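Asks: Got a structure for you, entry_29.txt, holding compact mmCIF, C-alpha atoms and all ligand atoms.
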```txt
# COMPACT_ATOMS: atom_id res chain seq x y z
CA MET A 643 -10.50 91.67 -120.01
CA THR A 644 -8.00 90.41 -122.51
CA ASP A 645 -10.65 88.07 -123.88
CA GLU A 646 -13.05 90.90 -124.42
CA THR A 647 -10.44 93.04 -126.17
CA ASP A 648 -9.46 90.15 -128.42
CA GLN A 649 -13.06 89.53 -129.31
CA LYS A 650 -13.57 93.14 -130.24
CA LYS A 651 -10.67 92.84 -132.63
CA ASP A 652 -12.25 89.75 -134.20
CA ASP A 653 -14.45 91.52 -136.66
CA LEU A 654 -15.57 88.27 -138.24
CA LEU A 655 -16.89 86.94 -134.94
CA LEU A 656 -18.82 90.15 -134.42
CA ARG A 657 -20.41 89.75 -137.82
CA LEU A 658 -21.43 86.17 -137.03
CA ARG A 659 -23.08 87.33 -133.84
CA SER A 660 -24.78 90.17 -135.65
CA PHE A 661 -26.28 87.77 -138.19
CA HIS A 662 -27.65 85.62 -135.40
CA SER A 663 -28.99 88.45 -133.25
CA ASP A 664 -30.12 91.00 -135.87
CA TYR A 665 -30.84 89.33 -139.23
CA PHE A 666 -31.94 85.83 -138.31
CA PRO A 667 -34.84 86.75 -136.00
CA LEU A 668 -36.43 88.79 -138.79
CA HIS A 669 -36.28 85.86 -141.23
CA GLN A 670 -36.52 82.90 -138.88
CA GLN A 671 -39.72 81.54 -140.37
CA ARG A 672 -38.24 81.57 -143.86
CA PHE A 673 -35.23 79.59 -142.71
CA GLN A 674 -37.47 77.20 -140.80
CA ASP A 675 -39.57 76.59 -143.91
CA LEU A 676 -36.43 75.94 -145.94
CA VAL A 677 -35.43 73.31 -143.40
CA THR A 678 -38.79 71.55 -143.16
CA GLN A 679 -39.68 71.79 -146.85
CA GLY A 680 -36.15 71.64 -148.26
CA GLN A 681 -34.66 73.95 -150.82
CA HIS A 682 -36.30 74.48 -154.18
CA PRO A 683 -34.23 77.11 -155.90
CA LYS A 684 -35.24 77.87 -159.48
CA THR A 685 -31.90 79.34 -160.45
CA LEU A 686 -28.38 77.99 -160.77
CA PHE A 687 -26.03 80.97 -160.63
CA ILE A 688 -22.51 80.33 -161.92
CA GLY A 689 -20.49 83.40 -161.06
CA CYS A 690 -16.89 84.52 -160.86
CA SER A 691 -15.42 84.35 -157.36
CA ASP A 692 -14.54 88.05 -157.53
CA SER A 693 -15.49 89.78 -154.27
CA ARG A 694 -17.10 92.67 -156.12
CA LEU A 695 -19.71 90.43 -157.67
CA VAL A 696 -22.52 90.06 -155.13
CA PRO A 697 -25.25 87.83 -156.61
CA TYR A 698 -27.78 88.42 -153.83
CA LEU A 699 -27.57 92.19 -154.22
CA LEU A 700 -27.74 92.07 -158.01
CA THR A 701 -30.75 89.77 -158.18
CA GLY A 702 -32.50 90.75 -154.98
CA ALA A 703 -32.58 87.06 -154.08
CA GLY A 704 -32.91 85.81 -150.53
CA PRO A 705 -32.37 82.49 -148.77
CA GLY A 706 -33.41 79.48 -150.83
CA GLU A 707 -33.50 81.25 -154.18
CA LEU A 708 -30.05 80.81 -155.71
CA PHE A 709 -28.11 77.59 -156.07
CA LEU A 710 -24.72 79.18 -156.25
CA VAL A 711 -21.46 78.05 -157.80
CA ARG A 712 -18.51 80.37 -157.96
CA ASN A 713 -15.10 79.83 -159.42
CA VAL A 714 -12.25 81.82 -160.91
CA GLY A 715 -13.68 83.33 -164.08
CA ALA A 716 -17.19 81.80 -163.90
CA PHE A 717 -16.06 79.00 -166.18
CA VAL A 718 -17.91 75.83 -167.14
CA PRO A 719 -15.63 72.81 -167.62
CA PRO A 720 -16.37 70.48 -170.55
CA TYR A 721 -18.94 67.80 -169.81
CA ASP A 722 -16.59 65.09 -171.10
CA GLY A 723 -14.45 65.31 -167.96
CA SER A 724 -11.33 66.00 -170.01
CA HIS A 725 -10.21 68.63 -167.55
CA GLY A 726 -10.41 66.38 -164.51
CA LEU A 727 -12.72 66.38 -161.52
CA HIS A 728 -14.71 69.55 -161.11
CA GLY A 729 -17.08 70.77 -158.45
CA THR A 730 -18.67 73.06 -161.01
CA THR A 731 -19.53 70.14 -163.27
CA ALA A 732 -21.02 68.22 -160.35
CA ALA A 733 -23.03 71.26 -159.28
CA ILE A 734 -24.49 71.68 -162.77
CA GLU A 735 -25.61 68.05 -162.85
CA PHE A 736 -27.07 68.32 -159.35
CA ALA A 737 -28.90 71.55 -160.07
CA VAL A 738 -30.39 70.36 -163.34
CA LEU A 739 -31.16 66.73 -162.50
CA GLN A 740 -31.93 66.85 -158.76
CA LEU A 741 -33.13 70.39 -158.11
CA ASP A 742 -34.73 70.76 -161.53
CA VAL A 743 -33.76 74.42 -161.82
CA GLU A 744 -35.46 76.48 -164.51
CA ARG A 745 -32.64 78.93 -165.20
CA ILE A 746 -28.87 78.85 -165.39
CA ILE A 747 -27.08 82.18 -165.17
CA VAL A 748 -23.40 82.52 -166.11
CA CYS A 749 -22.15 85.81 -164.73
CA GLY A 750 -18.80 87.36 -165.61
CA HIS A 751 -17.82 90.95 -164.94
CA THR A 752 -15.59 93.88 -165.86
CA HIS A 753 -12.00 94.02 -164.59
CA CYS A 754 -11.97 90.24 -164.20
CA GLY A 755 -8.61 89.06 -162.92
CA ALA A 756 -9.15 85.63 -164.44
CA ILE A 757 -9.50 87.02 -167.95
CA ARG A 758 -6.49 89.26 -167.51
CA ALA A 759 -4.47 86.34 -166.17
CA ALA A 760 -5.51 84.24 -169.16
CA TYR A 761 -3.60 86.75 -171.28
CA GLU A 762 -0.74 87.58 -168.94
CA GLY A 763 -0.05 84.25 -167.24
CA VAL A 764 0.23 83.26 -163.59
CA PRO A 765 3.11 82.38 -161.24
CA ASP A 766 4.79 79.01 -161.93
CA GLU A 767 3.56 77.62 -158.63
CA ALA A 768 -0.08 78.19 -159.63
CA ARG A 769 -0.20 75.12 -161.84
CA ASN A 770 -3.86 74.38 -161.16
CA LEU A 771 -4.83 77.96 -161.88
CA ARG A 772 -2.91 77.87 -165.13
CA ALA A 773 -4.71 74.71 -166.22
CA TRP A 774 -8.07 76.17 -165.18
CA LEU A 775 -7.57 79.37 -167.17
CA LYS A 776 -7.27 77.32 -170.34
CA LEU A 777 -11.05 77.17 -170.18
CA ALA A 778 -10.96 80.77 -171.44
CA ASP A 779 -8.56 80.13 -174.33
CA GLU A 780 -11.22 80.08 -177.01
CA ALA A 781 -12.50 83.47 -175.87
CA LEU A 782 -9.12 85.20 -176.11
CA LEU A 783 -8.50 87.69 -178.91
CA PRO A 784 -5.24 87.75 -180.91
CA VAL A 785 -4.44 91.24 -179.67
CA GLN A 786 -2.75 92.99 -176.77
CA PRO A 787 -5.05 92.92 -173.73
CA SER A 788 -6.20 96.54 -173.86
CA ALA A 789 -9.11 97.62 -171.69
CA GLU A 790 -11.43 97.20 -174.65
CA ALA A 791 -10.03 93.78 -175.53
CA LEU A 792 -10.43 92.61 -171.93
CA TYR A 793 -14.02 93.85 -171.86
CA ARG A 794 -14.84 92.01 -175.07
CA THR A 795 -13.04 88.89 -173.90
CA GLU A 796 -15.03 88.87 -170.67
CA GLN A 797 -18.21 88.89 -172.73
CA ARG A 798 -16.94 86.27 -175.18
CA ALA A 799 -15.98 84.07 -172.22
CA VAL A 800 -19.54 84.21 -170.89
CA VAL A 801 -20.91 83.09 -174.25
CA LEU A 802 -18.30 80.35 -174.46
CA GLN A 803 -19.54 78.95 -171.14
CA LEU A 804 -23.14 78.98 -172.41
CA GLU A 805 -21.94 77.02 -175.41
CA ARG A 806 -20.25 74.49 -173.12
CA LEU A 807 -23.41 74.21 -171.03
CA MET A 808 -25.25 73.15 -174.17
CA ASP A 809 -22.81 70.23 -174.41
CA TYR A 810 -24.22 68.85 -171.14
CA PRO A 811 -26.87 66.37 -172.33
CA MET A 812 -29.30 67.15 -169.49
CA VAL A 813 -28.95 70.89 -170.14
CA ARG A 814 -29.46 70.59 -173.88
CA ARG A 815 -32.45 68.30 -173.40
CA LYS A 816 -34.19 70.69 -171.02
CA VAL A 817 -33.34 73.80 -173.00
CA GLU A 818 -34.66 72.26 -176.19
CA SER A 819 -37.85 71.12 -174.48
CA GLY A 820 -38.42 74.59 -173.04
CA HIS A 821 -37.92 73.64 -169.38
CA LEU A 822 -34.63 75.48 -168.88
CA THR A 823 -33.30 78.84 -170.01
CA LEU A 824 -29.70 79.98 -170.15
CA HIS A 825 -28.71 83.51 -169.24
CA GLY A 826 -25.33 85.08 -170.01
CA TRP A 827 -24.59 88.14 -167.92
CA HIS A 828 -21.70 90.60 -167.86
CA TYR A 829 -21.67 92.76 -164.75
CA VAL A 830 -20.24 96.22 -165.33
CA ILE A 831 -19.05 96.99 -161.82
CA GLU A 832 -18.44 100.70 -162.36
CA ASP A 833 -21.96 101.24 -163.72
CA GLY A 834 -23.72 98.92 -161.30
CA GLU A 835 -25.44 97.25 -164.21
CA ILE A 836 -25.72 93.81 -165.71
CA HIS A 837 -25.45 93.52 -169.47
CA VAL A 838 -27.53 90.60 -170.69
CA PHE A 839 -26.59 88.38 -173.60
CA ASP A 840 -29.45 88.46 -176.07
CA ALA A 841 -29.02 85.33 -178.17
CA LEU A 842 -31.44 86.61 -180.78
CA ARG A 843 -29.46 89.81 -181.29
CA GLY A 844 -26.15 88.06 -180.69
CA ASP A 845 -24.99 90.82 -178.41
CA PHE A 846 -24.99 92.07 -174.83
CA VAL A 847 -27.60 94.64 -173.90
CA ALA A 848 -27.69 96.75 -170.72
CA ALA A 849 -30.43 95.52 -168.40
CA SER A 850 -31.95 99.02 -168.39
CA GLU A 851 -32.57 98.65 -172.14
CA ALA A 852 -33.00 94.88 -172.48
CA SER A 853 -36.35 93.28 -173.18
CA ASN A 854 -35.52 90.18 -171.13
CA SER A 855 -32.94 88.78 -168.71
CA GLY A 856 -31.49 86.44 -171.31
CA THR A 857 -32.70 84.47 -174.27
CA GLY A 858 -32.17 80.93 -175.30
CA PRO A 859 -31.50 78.46 -176.61
CA TYR A 860 -27.98 79.51 -177.18
CA GLN A 861 -27.02 80.53 -180.69
CA PRO A 862 -23.48 81.29 -181.86
CA TYR A 863 -22.09 84.60 -180.72
CA VAL A 864 -21.85 87.12 -183.53
CA GLU A 865 -19.34 89.96 -183.57
CA PRO A 866 -20.73 93.51 -183.91
CA ASP A 867 -19.75 93.50 -187.62
CA GLY A 868 -21.85 90.38 -188.17
CA SER A 869 -18.98 87.90 -188.38
CA LEU A 870 -18.58 84.82 -186.24
CA PRO A 871 -15.69 84.86 -183.79
CA ASP A 872 -12.57 82.88 -184.61
CA ARG A 873 -12.56 79.73 -182.58
ZN ZN A 901 -13.64 87.56 -162.33
```
Please express the file's structure as structure tokens.
Ligand SMILES: [Zn+2]
Replies:
Amino acid sequence: MTDETDQKKDDLLLRLRSFHSDYFPLHQQRFQDLVTQGQHPKTLFIGCSDSRLVPYLLTGAGPGELFLVRNVGAFVPPYDGSHGLHGTTAAIEFAVLQLDVERIIVCGHTHCGAIRAAYEGVPDEARNLRAWLKLADEALLPVQPSAEALYRTEQRAVVLQLERLMDYPMVRRKVESGHLTLHGWHYVIEDGEIHVFDALRGDFVAASEASNSGTGPYQPYVEPDGSLPDR
């Protein structure tokens, strides 16, 4: 009796059972195919770890479609390894060289705690987090982090990661040969809409008005007044 009561309290266990009994039977063949034929995702999705960003909902993707990497801020470490060992770097190399993905999406979002923390700092004990957030330094604006400044910084950070991706030799090679496209996305949580970085316009455009889901190859981000950002 106690066991049963405890299990009812274990919401996570109930969800695991629900997946197995309700969802899996409906998609069993798909999973079986993915086992026998292996995975062949066409998209590497680099997204912030934020719980409000749900890549499968946003893209309508199912099993086998997204090779997913998430980290605090959706940052791309430099290819040169200067910031130490990084799972994100390894995942990019694997996705591009082994899986031969055709798209890389970098997806930031509004109200991003990583961007705010890049301005406001983190507790002393979070030494790894502090070092990690330096990957956003070049996107920061020399102003107080107002709501507008944070919004713009989130977008600038996405573009900065696209720029870093182009420093990966295998990424640059495939982008320049037309075998890989880069997509910079800014998810506006409160509107339920992705804003897509249009490299040709040099600006983010709401998906409802955009002509594409991202253009490449990457070109330098241009401020709304036509100037290049200070870097
Ligand atoms: Zn975030």
Asks: Using all atoms listed in the file, what are the residues with an atom within 8 Å of ligand ZN 901 (chain A), set out as an NGL selection string?
Replies: :A and (690-692 or 714-716 or 750-757)
Asks: Give me the residues within 12 Å of A:Val764 as a list in words, counting all atoms listed in the file and dropping any in the same chain fewer than 6 places off.
Replies: Gly755, Ala756, Ile757, Arg758, Asn770, Leu771, Arg772, Ala773, Trp774, Leu775 and Lys776 of chain A
Asks: What does the distance from atom CA of A:Val847 to atom CA of A:Ile747 come to in Å, to one decimal?
Replies: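 Separation of atom CA of A:Val847 and atom CA of A:Ile747: 15.2 Å.
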Asks: Excluding A:Cys749 and residues on its chain fewer than 2 positions from it, collect all residues at most 10 Å away from it, counting all atoms listed in the file, and give them as a list in words.
Replies: Phe687, Ile688, Gly689, Cys690, Leu695, Pro697, Arg712, Gly715, Ala716, Phe717, Ile746, Ile747, His751, Glu796, Gln797, Ala799, Val800, Val801, Gln803, His825, Gly826, Trp827, His828, Tyr829, Ile836, His837 and Val838 of chain A
Asks: Tell me which protein, DNA and RNA residues are within 7 Å of A:Glu835, counting only C-alpha atoms, leaving out same-chain ones fewer than 3 positions away, and put them as a ChimeraX atom specification.
Replies: /A:829-831,848-849
Asks: Ranking A:Tyr721, A:Phe666, A:Phe736, A:Tyr761 by minimum distance to A:Met808 and counting all atoms listed in the file, which one comes first?
Replies: A:Tyr721
Asks: Smallest atom-to-atom distance to A:Ala732: which of A:His662, A:Ala781, A:Tyr810, A:Leu792, using all atoms listed in the file?
Replies: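 Closest to A:Ala732, using all atoms listed in the file: A:Tyr810.
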Asks: One decimal, Å: what's the distance from atom CA of A:Asp809 over to atom CA of A:Pro720, could you say?
Replies: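 Result for atom CA of A:Asp809 versus atom CA of A:Pro720: 7.5 Å, one decimal.
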Asks: For A:Asp845, which of A:Leu686, A:Arg745, A:Pro811, A:Thr857 is the closest residue, counting only C-alpha atoms?
Replies: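 Between A:Leu686, A:Arg745, A:Pro811, A:Thr857, the residue approaching A:Asp845 most closely is A:Thr857.
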Asks: Between atom CA of A:Gly729 and atom CA of A:Leu658, what is the spacing in Å?
Replies: 26.7 Å
